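J.: My structure is in run-v9.csv, and what it holds is CSV, C-alpha atoms:
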chain,number,residue,atom,x,y,z
A,146,MET,CA,10.5,3.3,-5.4
A,147,LYS,CA,7.3,2.7,-3.4
A,148,THR,CA,5.5,-0.5,-4.4
A,149,GLN,CA,2.0,0.3,-5.8
A,150,ILE,CA,-1.0,-1.8,-5.1
A,151,SER,CA,-3.7,-1.9,-7.8
A,152,LYS,CA,-7.4,-2.2,-7.4
A,153,GLU,CA,-7.3,-5.7,-8.8
A,154,GLN,CA,-4.7,-6.7,-6.3
A,155,ARG,CA,-6.9,-5.2,-3.5
A,156,VAL,CA,-9.7,-7.4,-4.7
A,157,THR,CA,-7.4,-10.5,-4.8
A,158,PHE,CA,-6.1,-9.8,-1.3
A,159,SER,CA,-9.7,-9.4,0.1
A,160,LEU,CA,-10.6,-12.9,-1.3
A,161,SER,CA,-7.3,-14.2,0.1
A,162,MET,CA,-8.2,-13.0,3.6
A,163,LEU,CA,-11.7,-14.5,3.2
A,164,SER,CA,-10.2,-18.0,2.6
A,165,SER,CA,-9.0,-18.1,6.2
A,166,ILE,CA,-12.2,-17.6,8.1
A,167,SER,CA,-12.4,-21.3,9.1
A,168,SER,CA,-9.9,-20.4,11.8
A,169,ASN,CA,-12.7,-18.3,13.5
A,170,TYR,CA,-15.0,-21.3,13.9
A,171,ASP,CA,-16.1,-21.9,17.4
A,172,PRO,CA,-18.0,-25.2,17.9
A,173,THR,CA,-19.4,-23.9,21.2
A,174,GLN,CA,-21.4,-21.2,19.3
A,175,THR,CA,-23.0,-23.3,16.6
A,176,SER,CA,-24.3,-26.8,15.9
A,177,GLU,CA,-23.0,-26.6,12.4
A,178,THR,CA,-19.8,-28.5,11.3
A,179,ILE,CA,-16.8,-26.4,10.5
A,180,GLU,CA,-17.3,-26.9,6.8
A,181,GLU,CA,-21.0,-26.0,6.9
A,182,TRP,CA,-20.2,-22.9,9.0
A,183,THR,CA,-17.4,-21.8,6.7
A,184,LYS,CA,-19.5,-22.2,3.5
A,185,LYS,CA,-22.4,-20.3,5.1
A,186,LYS,CA,-20.2,-17.4,6.4
A,187,THR,CA,-18.3,-17.2,3.1
A,188,GLN,CA,-21.6,-16.8,1.2
A,189,GLU,CA,-22.9,-14.2,3.7
A,190,ILE,CA,-19.8,-12.1,3.4
A,191,LEU,CA,-19.6,-12.2,-0.4
A,192,THR,CA,-23.3,-11.2,-0.7
A,193,ASP,CA,-23.0,-8.4,1.8
A,194,PRO,CA,-23.7,-5.1,-0.1
A,195,ARG,CA,-20.6,-3.4,1.3
A,196,ILE,CA,-18.4,-6.2,-0.1
A,197,ILE,CA,-20.1,-6.2,-3.5
A,198,SER,CA,-19.7,-2.4,-3.6
A,199,ASP,CA,-16.0,-2.7,-2.8
A,200,ILE,CA,-14.8,-5.8,-4.8
A,201,GLY,CA,-17.6,-6.6,-7.1
A,202,GLU,CA,-19.8,-9.6,-7.2
A,203,TRP,CA,-18.1,-13.0,-6.8
A,204,LYS,CA,-19.7,-16.5,-6.6
A,205,ILE,CA,-18.1,-19.6,-5.1
A,206,VAL,CA,-17.9,-22.4,-7.7
A,207,TRP,CA,-15.7,-24.8,-5.7
A,208,GLY,CA,-15.5,-25.2,-1.9
A,209,PRO,CA,-14.8,-23.8,0.5
A,210,GLN,CA,-13.3,-27.0,1.6
A,211,VAL,CA,-11.7,-27.4,5.1
A,212,ALA,CA,-9.2,-30.0,6.2
A,213,THR,CA,-9.1,-30.5,9.9
A,214,GLY,CA,-6.6,-31.8,12.4
A,215,LEU,CA,-6.7,-32.6,16.1
A,216,LYS,CA,-9.9,-31.6,17.9
A,217,GLY,CA,-11.5,-30.7,14.5
A,218,ILE,CA,-9.3,-27.6,14.2
A,219,SER,CA,-8.9,-26.3,10.7
A,220,LYS,CA,-5.4,-26.8,9.2
A,221,ASN,CA,-6.1,-25.9,5.6
A,222,SER,CA,-8.9,-24.3,3.7
A,223,MET,CA,-9.5,-23.3,0.1
A,224,PHE,CA,-12.1,-22.1,-2.3
A,225,ILE,CA,-12.5,-21.1,-6.0
A,226,ALA,CA,-14.4,-17.9,-6.7
A,227,ASN,CA,-15.6,-16.7,-10.1
A,228,SER,CA,-16.3,-13.1,-11.0
A,229,VAL,CA,-19.9,-12.4,-11.9
A,230,ASP,CA,-18.9,-9.2,-13.7
A,231,ASP,CA,-16.2,-11.0,-15.8
A,232,PRO,CA,-16.9,-14.8,-15.9
A,233,THR,CA,-13.4,-15.4,-17.4
A,234,LYS,CA,-11.9,-14.5,-14.0
A,235,TYR,CA,-11.3,-17.1,-11.4
A,236,ILE,CA,-9.4,-16.9,-8.1
A,237,ILE,CA,-8.1,-19.9,-6.1
A,238,ALA,CA,-7.8,-18.6,-2.6
A,239,ILE,CA,-5.7,-20.6,-0.1
A,240,ALA,CA,-5.9,-20.0,3.7
A,241,GLY,CA,-2.9,-19.0,5.8
A,242,THR,CA,-1.7,-20.5,9.0
A,243,ASN,CA,-4.4,-21.1,11.6
A,244,PRO,CA,-2.9,-19.9,14.9
A,245,LYS,CA,-4.9,-22.6,16.7
A,246,SER,CA,-3.5,-25.4,14.6
A,247,LEU,CA,-0.4,-27.2,16.0
A,248,TYR,CA,-0.1,-29.1,12.7
A,249,ASP,CA,0.2,-25.8,10.8
A,250,TRP,CA,2.9,-24.6,13.1
A,251,LYS,CA,4.9,-27.8,13.5
A,252,VAL,CA,4.6,-29.3,10.0
A,253,GLU,CA,3.4,-26.9,7.3
A,254,ASP,CA,5.2,-23.9,8.6
A,255,CYS,CA,8.3,-25.4,10.2
A,256,ALA,CA,9.2,-28.8,8.7
A,257,VAL,CA,12.1,-27.4,6.8
A,258,GLU,CA,15.0,-29.8,7.5
A,259,ALA,CA,17.2,-30.2,4.5
A,260,ASP,CA,17.2,-34.0,4.6
A,261,GLU,CA,13.4,-34.1,4.5
A,262,MET,CA,13.0,-31.9,1.4
A,263,VAL,CA,11.0,-33.3,-1.5
A,264,ALA,CA,12.1,-33.1,-5.2
A,265,TRP,CA,9.7,-31.1,-7.3
A,266,ASN,CA,10.0,-33.8,-10.0
A,267,LYS,CA,8.3,-36.3,-7.6
A,268,ILE,CA,5.2,-34.0,-7.5
A,269,THR,CA,4.9,-33.1,-11.2
A,270,LEU,CA,4.6,-35.9,-13.7
A,271,ASN,CA,7.4,-34.9,-16.0
A,272,LYS,CA,8.9,-37.4,-18.5
A,273,ASP,CA,12.3,-35.7,-18.5
A,274,SER,CA,14.9,-35.9,-15.7
A,275,THR,CA,15.6,-32.2,-15.3
A,276,ASN,CA,16.4,-31.1,-11.8
A,277,TYR,CA,13.7,-28.6,-10.8
A,278,GLY,CA,14.8,-28.3,-7.2
A,279,LYS,CA,13.2,-29.2,-3.9
A,280,ILE,CA,10.5,-27.9,-1.7
A,281,SER,CA,10.2,-28.2,2.1
A,282,LYS,CA,8.4,-31.1,3.7
A,283,GLY,CA,6.0,-28.5,5.1
A,284,THR,CA,5.1,-27.1,1.7
A,285,TYR,CA,4.8,-30.7,0.3
A,286,SER,CA,2.5,-31.7,3.2
A,287,GLY,CA,0.3,-28.6,2.6
A,288,ILE,CA,-0.1,-29.0,-1.2
A,289,ASN,CA,-0.9,-32.7,-0.8
A,290,ILE,CA,-3.7,-31.8,1.6
A,291,LEU,CA,-5.1,-29.3,-1.0
A,292,PHE,CA,-4.7,-31.9,-3.8
A,293,ASN,CA,-6.8,-34.4,-1.8
A,294,MET,CA,-9.7,-32.1,-1.0
A,295,LYS,CA,-13.0,-33.0,-2.7
A,296,ASP,CA,-15.7,-30.4,-3.2
A,297,THR,CA,-18.9,-31.6,-1.5
A,298,SER,CA,-21.1,-30.1,-4.2
A,299,THR,CA,-19.3,-31.3,-7.3
A,300,GLY,CA,-17.4,-34.3,-5.9
A,301,LYS,CA,-14.3,-33.0,-7.7
A,302,SER,CA,-10.8,-32.1,-6.5
A,303,PHE,CA,-9.8,-28.5,-7.4
A,304,ILE,CA,-7.5,-29.9,-10.2
A,305,GLU,CA,-10.4,-31.9,-11.7
A,306,PHE,CA,-12.6,-28.8,-11.5
A,307,ILE,CA,-10.1,-26.4,-13.2
A,308,SER,CA,-8.9,-28.9,-15.9
A,309,PRO,CA,-11.7,-28.1,-18.4
A,310,LEU,CA,-11.3,-24.3,-17.6
A,311,LEU,CA,-7.7,-24.5,-18.9
A,312,ASN,CA,-9.0,-25.1,-22.4
A,313,GLN,CA,-10.5,-21.7,-22.6
A,314,LYS,CA,-9.1,-18.2,-22.3
A,315,ASN,CA,-9.7,-17.8,-18.6
A,316,SER,CA,-7.7,-15.9,-16.1
A,317,ILE,CA,-7.0,-18.2,-13.1
A,318,LYS,CA,-5.1,-16.5,-10.2
A,319,VAL,CA,-3.9,-18.4,-7.2
A,320,THR,CA,-3.5,-16.4,-4.0
A,321,GLY,CA,-2.7,-16.9,-0.3
A,322,HIS,CA,-1.3,-15.2,2.8
A,323,SER,CA,1.4,-16.5,5.2
A,324,LEU,CA,1.3,-20.3,4.8
A,325,GLY,CA,-1.0,-19.6,1.9
A,326,GLY,CA,1.8,-17.4,0.6
A,327,ALA,CA,4.0,-20.4,0.3
A,328,LEU,CA,1.4,-22.8,-1.0
A,329,SER,CA,-0.2,-20.5,-3.6
A,330,PRO,CA,2.9,-20.1,-5.8
A,331,SER,CA,3.6,-23.9,-5.5
A,332,ILE,CA,0.1,-24.6,-6.7
A,333,ALA,CA,0.3,-22.1,-9.5
A,334,LEU,CA,3.6,-23.5,-10.7
A,335,TYR,CA,2.2,-27.1,-10.5
A,336,ILE,CA,-0.8,-26.2,-12.7
A,337,ASN,CA,1.6,-24.7,-15.3
A,338,ASP,CA,4.1,-27.5,-15.1
A,339,GLU,CA,1.5,-30.2,-15.2
A,340,PHE,CA,-0.7,-29.0,-18.0
A,341,SER,CA,1.3,-26.5,-20.2
A,342,ASN,CA,4.7,-28.3,-20.2
A,343,PRO,CA,5.1,-30.7,-23.2
A,344,ALA,CA,7.3,-32.9,-21.0
A,345,SER,CA,4.5,-33.6,-18.6
A,346,ILE,CA,2.5,-36.8,-18.8
A,347,ASN,CA,-0.7,-34.6,-18.4
A,348,TYR,CA,0.3,-32.1,-21.0
A,349,ASN,CA,-2.7,-30.4,-22.5
A,350,PRO,CA,-2.1,-29.1,-26.1
A,351,ASN,CA,-5.3,-27.1,-25.8
A,352,TYR,CA,-4.1,-25.1,-22.8
A,353,ALA,CA,-5.3,-21.6,-23.3
A,354,SER,CA,-5.7,-20.0,-19.8
A,355,ASN,CA,-3.4,-17.6,-18.0
A,356,VAL,CA,-2.5,-19.0,-14.6
A,357,SER,CA,-1.0,-16.5,-12.3
A,358,CYS,CA,-0.2,-16.0,-8.6
A,359,MET,CA,-0.3,-13.2,-6.1
A,360,SER,CA,1.2,-14.2,-2.8
A,361,THR,CA,1.6,-12.2,0.4
A,362,ALA,CA,3.7,-12.7,3.5
A,363,GLY,CA,4.9,-16.1,2.4
A,364,PRO,CA,8.0,-17.9,3.7
A,365,THR,CA,10.3,-19.7,1.2
A,366,PRO,CA,8.6,-22.8,-0.2
A,367,GLY,CA,11.8,-24.4,-1.5
A,368,ASP,CA,15.5,-24.2,-2.5
A,369,ALA,CA,17.4,-22.0,-4.9
A,370,VAL,CA,16.9,-24.4,-7.9
A,371,PHE,CA,13.2,-24.5,-7.2
A,372,ALA,CA,13.1,-20.7,-7.0
A,373,GLU,CA,15.0,-20.5,-10.3
A,374,HIS,CA,12.5,-22.8,-12.0
A,375,TYR,CA,9.6,-20.8,-10.6
A,376,ASN,CA,11.0,-17.6,-11.8
A,377,GLU,CA,11.6,-18.9,-15.3
A,378,ILE,CA,8.0,-20.2,-15.6
A,379,MET,CA,6.0,-17.7,-13.5
A,380,ALA,CA,7.9,-14.4,-13.3
A,381,THR,CA,5.8,-12.5,-15.8
A,382,ASP,CA,2.6,-13.8,-14.2
A,383,SER,CA,3.4,-13.5,-10.5
A,384,VAL,CA,3.8,-10.9,-7.7
A,385,ARG,CA,5.1,-11.6,-4.2
A,386,PHE,CA,4.2,-8.9,-1.8
A,387,TRP,CA,5.9,-8.8,1.6
A,388,ASN,CA,6.0,-6.3,4.4
A,389,THR,CA,9.7,-5.6,5.2
A,390,SER,CA,8.7,-5.4,8.9
A,391,ASP,CA,7.1,-8.8,8.9
A,392,ILE,CA,9.4,-11.6,10.1
A,393,VAL,CA,7.5,-14.5,8.4
A,394,PRO,CA,8.8,-13.7,4.8
A,395,HIS,CA,12.3,-13.6,6.3
A,396,ALA,CA,12.0,-17.4,6.7
A,397,TRP,CA,13.8,-19.5,5.6
A,398,LYS,CA,16.6,-17.8,3.7
A,399,ASP,CA,19.7,-17.5,5.9
A,400,SER,CA,20.6,-13.9,5.2
A,401,LEU,CA,17.0,-12.8,5.9
A,402,LEU,CA,16.7,-14.9,9.1
A,403,LYS,CA,19.8,-13.2,10.5
A,404,LYS,CA,18.0,-9.8,10.3
A,405,ILE,CA,15.2,-10.9,12.6
A,406,PRO,CA,16.7,-10.3,16.1
A,407,SER,CA,17.3,-6.6,15.3
A,408,ILE,CA,14.4,-6.0,12.9
A,409,TYR,CA,12.4,-3.8,15.4
A,410,VAL,CA,15.4,-1.9,16.9
A,411,PRO,CA,14.4,1.1,14.7
A,412,PHE,CA,11.0,1.0,16.4
A,413,GLY,CA,12.6,1.2,19.8
A,414,ILE,CA,12.3,-2.5,20.6
A,415,GLU,CA,15.6,-3.7,21.7
A,416,LYS,CA,17.4,-6.9,20.6
A,417,THR,CA,16.9,-9.8,23.1
A,418,PRO,CA,18.7,-13.0,23.9
A,419,PHE,CA,15.4,-14.9,23.6
A,420,ILE,CA,14.7,-13.8,20.0
A,421,THR,CA,18.3,-14.3,19.1
A,422,ASN,CA,18.3,-17.9,20.4
A,423,VAL,CA,15.0,-18.7,18.6
A,424,THR,CA,16.5,-17.3,15.3
A,425,GLN,CA,19.6,-19.4,15.8
A,426,ARG,CA,17.5,-22.5,16.2
A,427,ALA,CA,15.6,-21.6,13.0
A,428,LEU,CA,18.9,-21.2,11.2
A,429,THR,CA,20.1,-24.6,12.4
A,430,LYS,CA,16.8,-26.2,11.5
A,431,SER,CA,16.9,-25.0,7.9
A,432,GLN,CA,20.7,-25.4,7.5
A,433,GLY,CA,21.7,-26.9,4.1
A,434,GLY,CA,18.3,-26.3,2.6
A,435,GLU,CA,19.5,-23.4,0.5
A,436,TYR,CA,16.1,-21.8,0.9
A,437,THR,CA,15.5,-18.9,-1.5
A,438,GLN,CA,12.7,-16.5,-1.9
A,439,LEU,CA,10.7,-16.5,-5.1
A,440,LEU,CA,11.0,-13.6,-7.5
A,441,GLY,CA,14.1,-12.2,-5.9
A,442,ASP,CA,13.3,-9.2,-3.7
A,443,GLY,CA,9.7,-9.5,-4.8
A,444,SER,CA,7.5,-6.4,-4.2
A,445,PRO,CA,8.4,-5.1,-0.8
A,446,LEU,CA,6.0,-3.0,1.3
A,447,ASP,CA,7.0,-0.9,4.2
A,448,HIS,CA,4.7,-0.5,7.2
A,449,GLU,CA,5.5,1.9,10.1
A,450,TYR,CA,5.7,0.9,13.7
A,451,ILE,CA,2.5,-0.3,15.2
A,452,LYS,CA,2.3,0.8,18.8
A,453,VAL,CA,2.5,-1.9,21.4
A,454,ASP,CA,2.6,-1.8,25.2
A,455,ASN,CA,6.1,-0.6,26.0
A,456,SER,CA,5.8,-1.7,29.6
A,457,LEU,CA,6.1,-5.3,28.4
A,458,ASP,CA,9.4,-7.1,28.5
A,459,PRO,CA,11.3,-6.4,25.2
A,460,TYR,CA,10.8,-10.0,23.9
A,461,LYS,CA,7.0,-9.7,24.5
A,462,GLN,CA,7.0,-6.3,22.7
A,463,PHE,CA,8.8,-8.0,19.8
A,464,LEU,CA,6.2,-10.8,19.6
A,465,ALA,CA,3.3,-8.3,19.8
A,466,GLU,CA,4.8,-6.2,17.1
A,467,ALA,CA,5.6,-9.2,14.9
A,468,ALA,CA,2.0,-10.4,15.1
A,469,GLN,CA,0.7,-7.0,14.1
A,470,GLN,CA,3.1,-6.6,11.2
A,471,HIS,CA,2.1,-10.0,9.9
A,472,THR,CA,-1.7,-9.3,10.0
A,473,THR,CA,-3.0,-5.8,10.7
A,474,ALA,CA,-0.2,-4.2,8.6
A,475,TYR,CA,-1.3,-6.0,5.4
A,476,ASN,CA,-4.9,-5.1,6.0
A,477,GLU,CA,-3.9,-1.4,6.2
A,478,LEU,CA,-1.4,-1.6,3.3
A,479,PHE,CA,-4.1,-3.1,1.0
A,480,GLN,CA,-6.7,-0.8,2.5
A,481,ILE,CA,-9.2,-3.4,3.4
A,482,THR,CA,-9.5,-2.6,7.1
A,483,ASP,CA,-12.9,-0.9,6.7
A,484,TYR,CA,-14.1,-3.4,4.1
A,485,MET,CA,-13.4,-7.1,4.0
A,486,THR,CA,-11.7,-7.1,7.5
A,487,LYS,CA,-14.6,-5.3,9.1
A,488,VAL,CA,-17.3,-7.5,7.5
A,489,ILE,CA,-15.4,-10.7,8.4
A,490,GLN,CA,-15.2,-9.6,12.0
A,491,GLU,CA,-18.9,-8.8,12.1
A,492,LYS,CA,-20.1,-12.0,10.4
A,493,THR,CA,-17.8,-14.4,12.2
A,494,GLY,CA,-17.5,-12.8,15.6
A,495,SER,CA,-13.7,-12.6,15.2
A,496,THR,CA,-11.7,-9.8,16.8
A,497,LYS,CA,-8.8,-10.2,14.4
Go through the file and emit its structure as structure tokens.
T.:
Amino acid sequence: MKTQISKEQRVTFSLSMLSSISSNYDPTQTSETIEEWTKKKTQEILTDPRIISDIGEWKIVWGPQVATGLKGISKNSMFIANSVDDPTKYIIAIAGTNPKSLYDWKVEDCAVEADEMVAWNKITLNKDSTNYGKISKGTYSGINILFNMKDTSTGKSFIEFISPLLNQKNSIKVTGHSLGGALSPSIALYINDEFSNPASINYNPNYASNVSCMSTAGPTPGDAVFAEHYNEIMATDSVRFWNTSDIVPHAWKDSLLKKIPSIYVPFGIEKTPFITNVTQRALTKSQGGEYTQLLGDGSPLDHEYIKVDNSLDPYKQFLAEAAQQHTTAYNELFQITDYMTKVIQEKTGSTK
């Protein structure tokens, strides 16, 4: 049965895409810092009449905060938005991989060695000794960066900001795409584990909010035990969308990784030794990690072939198709191409 996308999910995806605009920052085009620029552009986009008409009116109440790496390049970004139409609705939007960030590629996306995985119990302050599984070093690095962000307006971390909101009947949805698709469920689970679990040192007996997650295109954040724990706590309040023609959510589960070399054969792009070798290295890198996708098969979406230059070598055709299926395809599937995507391109000068 074809996966249906609701209006609310379109809105959530639009805000998820907005969280990644810091990757479009070009210091040669402005005297503003990356954070100043990101805050200004986010505000410009949210107040654009076309966006308000499409997703309603939203105001930023925390962030956007940007963590930078080498040469001031954005490696993580996040904001919290509050619906003006329904003040009980909050969205925590977490940026995806910045293609320009070597740190994102090498650490947050690809640090998946089994011997470097981190026990979930070391992150949440539980008083019991239950095994809740492990997450990758990359996921751990990413969520720690998010934990350490301080909003320049309020002086608070995002956890400090949302803590009082949890005492009221609010809807708090965490969302993200790509890297954000691995970090967002981890953050949503953390909030639930940390504040609604009586075994937690930070247990809040007045916890009244609903904390949910909508992730897209995310790789596996952790192992099978972690996935089981996530599913037990979050299954009724989570959705994981993934395009079956996108290679990113095929990582890092063995059986899914093995499908990558021939994934575009039905599109007329032949299997190549180069992609096969890269896939084998990925399998070796993640060996023993028992990586498992959250929510089982999730909510799969199917996108048709996106035409690429067939005069290219097959491996280059593969890479071009993979890039499109991870980005453009989702914009089309969520029907935001003529809305949020277009306005982001106009306001930031991006061609993505």
J.: What are the closest atom pairs, with distances in Å to one decimal, for all residues of segment 318-352 of chain A lying within 12 Å of segment 436-453 of chain A? Consider all atoms listed in the file, order rows by chain and residue number, and present the result as CSV.
T.:
residue,atom,partner,partner_atom,distance
A:Gly326,CA,A:Leu439,CA,10.6
A:Ala327,CA,A:Leu439,CA,9.4
A:Leu328,CA,A:Leu439,CA,12.0
A:Ser329,CA,A:Leu439,CA,11.7
A:Pro330,CA,A:Leu439,CA,8.6
A:Ser331,CA,A:Leu439,CA,10.3
A:Leu334,CA,A:Leu439,CA,11.4
J.: Neighbours of segment 424-431 of chain A within 7 Å (only C-alpha atoms; same-chain residues fewer than 5 positions away dropped), as a list in words?
T.: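 Skipping anything fewer than 5 positions along the chain leaves Val257, Glu258, Ala259, Trp397, Asp399 and Leu402 of chain A.
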J.: Those same residues - C-alpha atoms - I'd like them written as an mmCIF file, in the frame of the given file.
T.:
data_model
loop_
_atom_site.group_PDB
_atom_site.id
_atom_site.type_symbol
_atom_site.label_atom_id
_atom_site.label_comp_id
_atom_site.auth_asym_id
_atom_site.auth_seq_id
_atom_site.Cartn_x
_atom_site.Cartn_y
_atom_site.Cartn_z
ATOM 1 C CA VAL A 257 12.100 -27.400 6.800
ATOM 2 C CA GLU A 258 15.000 -29.800 7.500
ATOM 3 C CA ALA A 259 17.200 -30.200 4.500
ATOM 4 C CA TRP A 397 13.800 -19.500 5.600
ATOM 5 C CA ASP A 399 19.700 -17.500 5.900
ATOM 6 C CA LEU A 402 16.700 -14.900 9.100
#
J.: Within 10 Å of Ser159 of chain A, counting all atoms listed in the file, which residues qualify if same-chain residues fewer than 5 places away don't, as a CSV table (one decimal) with C-alpha atoms, in the frame of the given file?
T.:
chain,number,residue,atom,x,y,z
A,153,GLU,CA,-7.3,-5.7,-8.8
A,154,GLN,CA,-4.7,-6.7,-6.3
A,164,SER,CA,-10.2,-18.0,2.6
A,196,ILE,CA,-18.4,-6.2,-0.1
A,199,ASP,CA,-16.0,-2.7,-2.8
A,200,ILE,CA,-14.8,-5.8,-4.8
A,238,ALA,CA,-7.8,-18.6,-2.6
A,476,ASN,CA,-4.9,-5.1,6.0
A,479,PHE,CA,-4.1,-3.1,1.0
A,480,GLN,CA,-6.7,-0.8,2.5
A,481,ILE,CA,-9.2,-3.4,3.4
A,482,THR,CA,-9.5,-2.6,7.1
A,484,TYR,CA,-14.1,-3.4,4.1
A,485,MET,CA,-13.4,-7.1,4.0
A,486,THR,CA,-11.7,-7.1,7.5
J.: Near segment 176-189 of chain A, within 10 Å and counting all atoms listed in the file, which residues show up once chain neighbours fewer than 6 positions away are dropped, as a VMD selection string?
T.: chain A and resid 160 163 to 170 196 203 to 205 208 to 213 217 to 219 222 224 297 488 to 489 492 to 493
J.: Can you pull out the residues contacting segment 412-422 of chain A? Cut-off 7 Å, using only C-alpha atoms, and skip same-chain residues under 4 positions away; I want them as a list of chain:residue names.
T.: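 These residues fall inside the cut-off: A:Pro406, A:Ser407, A:Arg426, A:Tyr450, A:Pro459, A:Tyr460, A:Gln462, A:Phe463.
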J.: If you keep C-alpha atoms, can you produce a file of those selected residues as a compact mmCIF listing (two decimals), keeping the file's coordinate frame?
T.:
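Okay, this is what ended up in result-v3.txt:
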# COMPACT_ATOMS: atom_id res chain seq x y z
CA PRO A 406 16.70 -10.30 16.10
CA SER A 407 17.30 -6.60 15.30
CA ARG A 426 17.50 -22.50 16.20
CA TYR A 450 5.70 0.90 13.70
CA PRO A 459 11.30 -6.40 25.20
CA TYR A 460 10.80 -10.00 23.90
CA GLN A 462 7.00 -6.30 22.70
CA PHE A 463 8.80 -8.00 19.80
J.: Tell me which protein, DNA and RNA residues are within 6 Å of Gly283 of chain A, counting only C-alpha atoms, leaving out same-chain ones fewer than 6 positions away, and put them as a tab-separated table (two decimals) with C-alpha atoms, in the coordinates of the input.
T.:
chain	number	residue	atom	x	y	z
A	252	VAL	CA	4.60	-29.30	10.00
A	253	GLU	CA	3.40	-26.90	7.30
A	254	ASP	CA	5.20	-23.90	8.60
A	256	ALA	CA	9.20	-28.80	8.70
J.: Using only C-alpha atoms, find all polymer residues with an atom at most 7 Å away from the point (-9.7, -13.1, -15.5); report them as a VMD selection string.
T.: chain A and resid 231 233 to 235 315 to 317
J.: Between A:Asp368, A:Glu261, A:Asp230, A:Glu477, single out the one closest to Asn388 of chain A, counting all atoms listed in the file.
T.: A:Glu477
J.: Return the single residue from A:Ile225, A:Ala474, A:Ile239, A:Ala264 that is closest to Ile307 of chain A, with distances computed using all atoms listed in the file.
T.: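 Closest to Ile307 of chain A of all the choices is A:Ile225.
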J.: Which is closest to Lys314 of chain A among A:Asn355, A:Val423, A:Asp260, A:Pro244, if we use all atoms listed in the file?
T.: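 Using all atoms listed in the file, the shortest distance to Lys314 of chain A belongs to A:Asn355.
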J.: Which residue is closest to Asp273 of chain A? Choose from A:Pro343, A:Pro394, A:Pro172, A:Gly434 and count all atoms listed in the file.
T.: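 Looking at the shortest contact to Asp273 of chain A, the residue is A:Pro343.
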J.: When you draw a straight line from atom CA of Gly367 of chain A to atom CA of Lys282 of chain A, how long is it in Å?
T.: 9.1 Å
J.: Could you tell me how far atom CA of Lys301 of chain A lies from atom CA of Leu215 of chain A, in Å and to one decimal?
T.: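 Answer for the atom CA of Lys301 of chain A to atom CA of Leu215 of chain A separation: 25.0 Å.
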J.: Using only C-alpha atoms, collect all residues at a distance of at most 12 Å from (-3.0, -30.3, -23.5) as written in the file, then present them as a ChimeraX atom specification.
T.: /A:308-313,336-354
J.: Provide the atom CA of Ser228 of chain A to atom CA of Pro194 of chain A distance in Å, to one decimal place.
T.: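 Atom CA of Ser228 of chain A sits 15.4 Å away from atom CA of Pro194 of chain A.
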J.: Which one is closest to Glu435 of chain A: A:Gly300, A:Pro366, A:Gly241, A:Gly321? Count only C-alpha atoms.
T.: A:Pro366
J.: Which residue out of A:Gln432, A:Thr157, A:Lys267, A:Ile392 has the minimum interatomic distance to Lys279 of chain A when only C-alpha atoms are used?
T.: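 Once distances to Lys279 of chain A are computed over only C-alpha atoms, the minimum belongs to A:Lys267.
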J.: For segment 375-438 of chain A versus segment 357-363 of chain A, which residues have an atom no more than 10 Å away, and what is each residue's nearest atom pair and distance in Å rounded to one decimal, using all atoms listed in the file, chain-then-number order, as a Markdown table?
T.:
| residue | atom | partner | partner_atom | distance |
| --- | --- | --- | --- | --- |
| A:Met379 | CA | A:Ser357 | CA | 7.2 |
| A:Ala380 | CA | A:Ser357 | CA | 9.2 |
| A:Thr381 | CA | A:Ser357 | CA | 8.6 |
| A:Asp382 | CA | A:Ser357 | CA | 4.9 |
| A:Ser383 | CA | A:Cys358 | CA | 4.8 |
| A:Val384 | CA | A:Met359 | CA | 5.0 |
| A:Arg385 | CA | A:Ser360 | CA | 4.9 |
| A:Phe386 | CA | A:Thr361 | CA | 4.7 |
| A:Trp387 | CA | A:Ala362 | CA | 4.9 |
| A:Asn388 | CA | A:Ala362 | CA | 6.9 |
| A:Thr389 | CA | A:Ala362 | CA | 9.4 |
| A:Asp391 | CA | A:Ala362 | CA | 7.5 |
| A:Ile392 | CA | A:Ala362 | CA | 8.8 |
| A:Val393 | CA | A:Ala362 | CA | 6.5 |
| A:Pro394 | CA | A:Gly363 | CA | 5.2 |
| A:His395 | CA | A:Gly363 | CA | 8.7 |
| A:Ala396 | CA | A:Gly363 | CA | 8.4 |
| A:Gln438 | CA | A:Gly363 | CA | 8.9 |
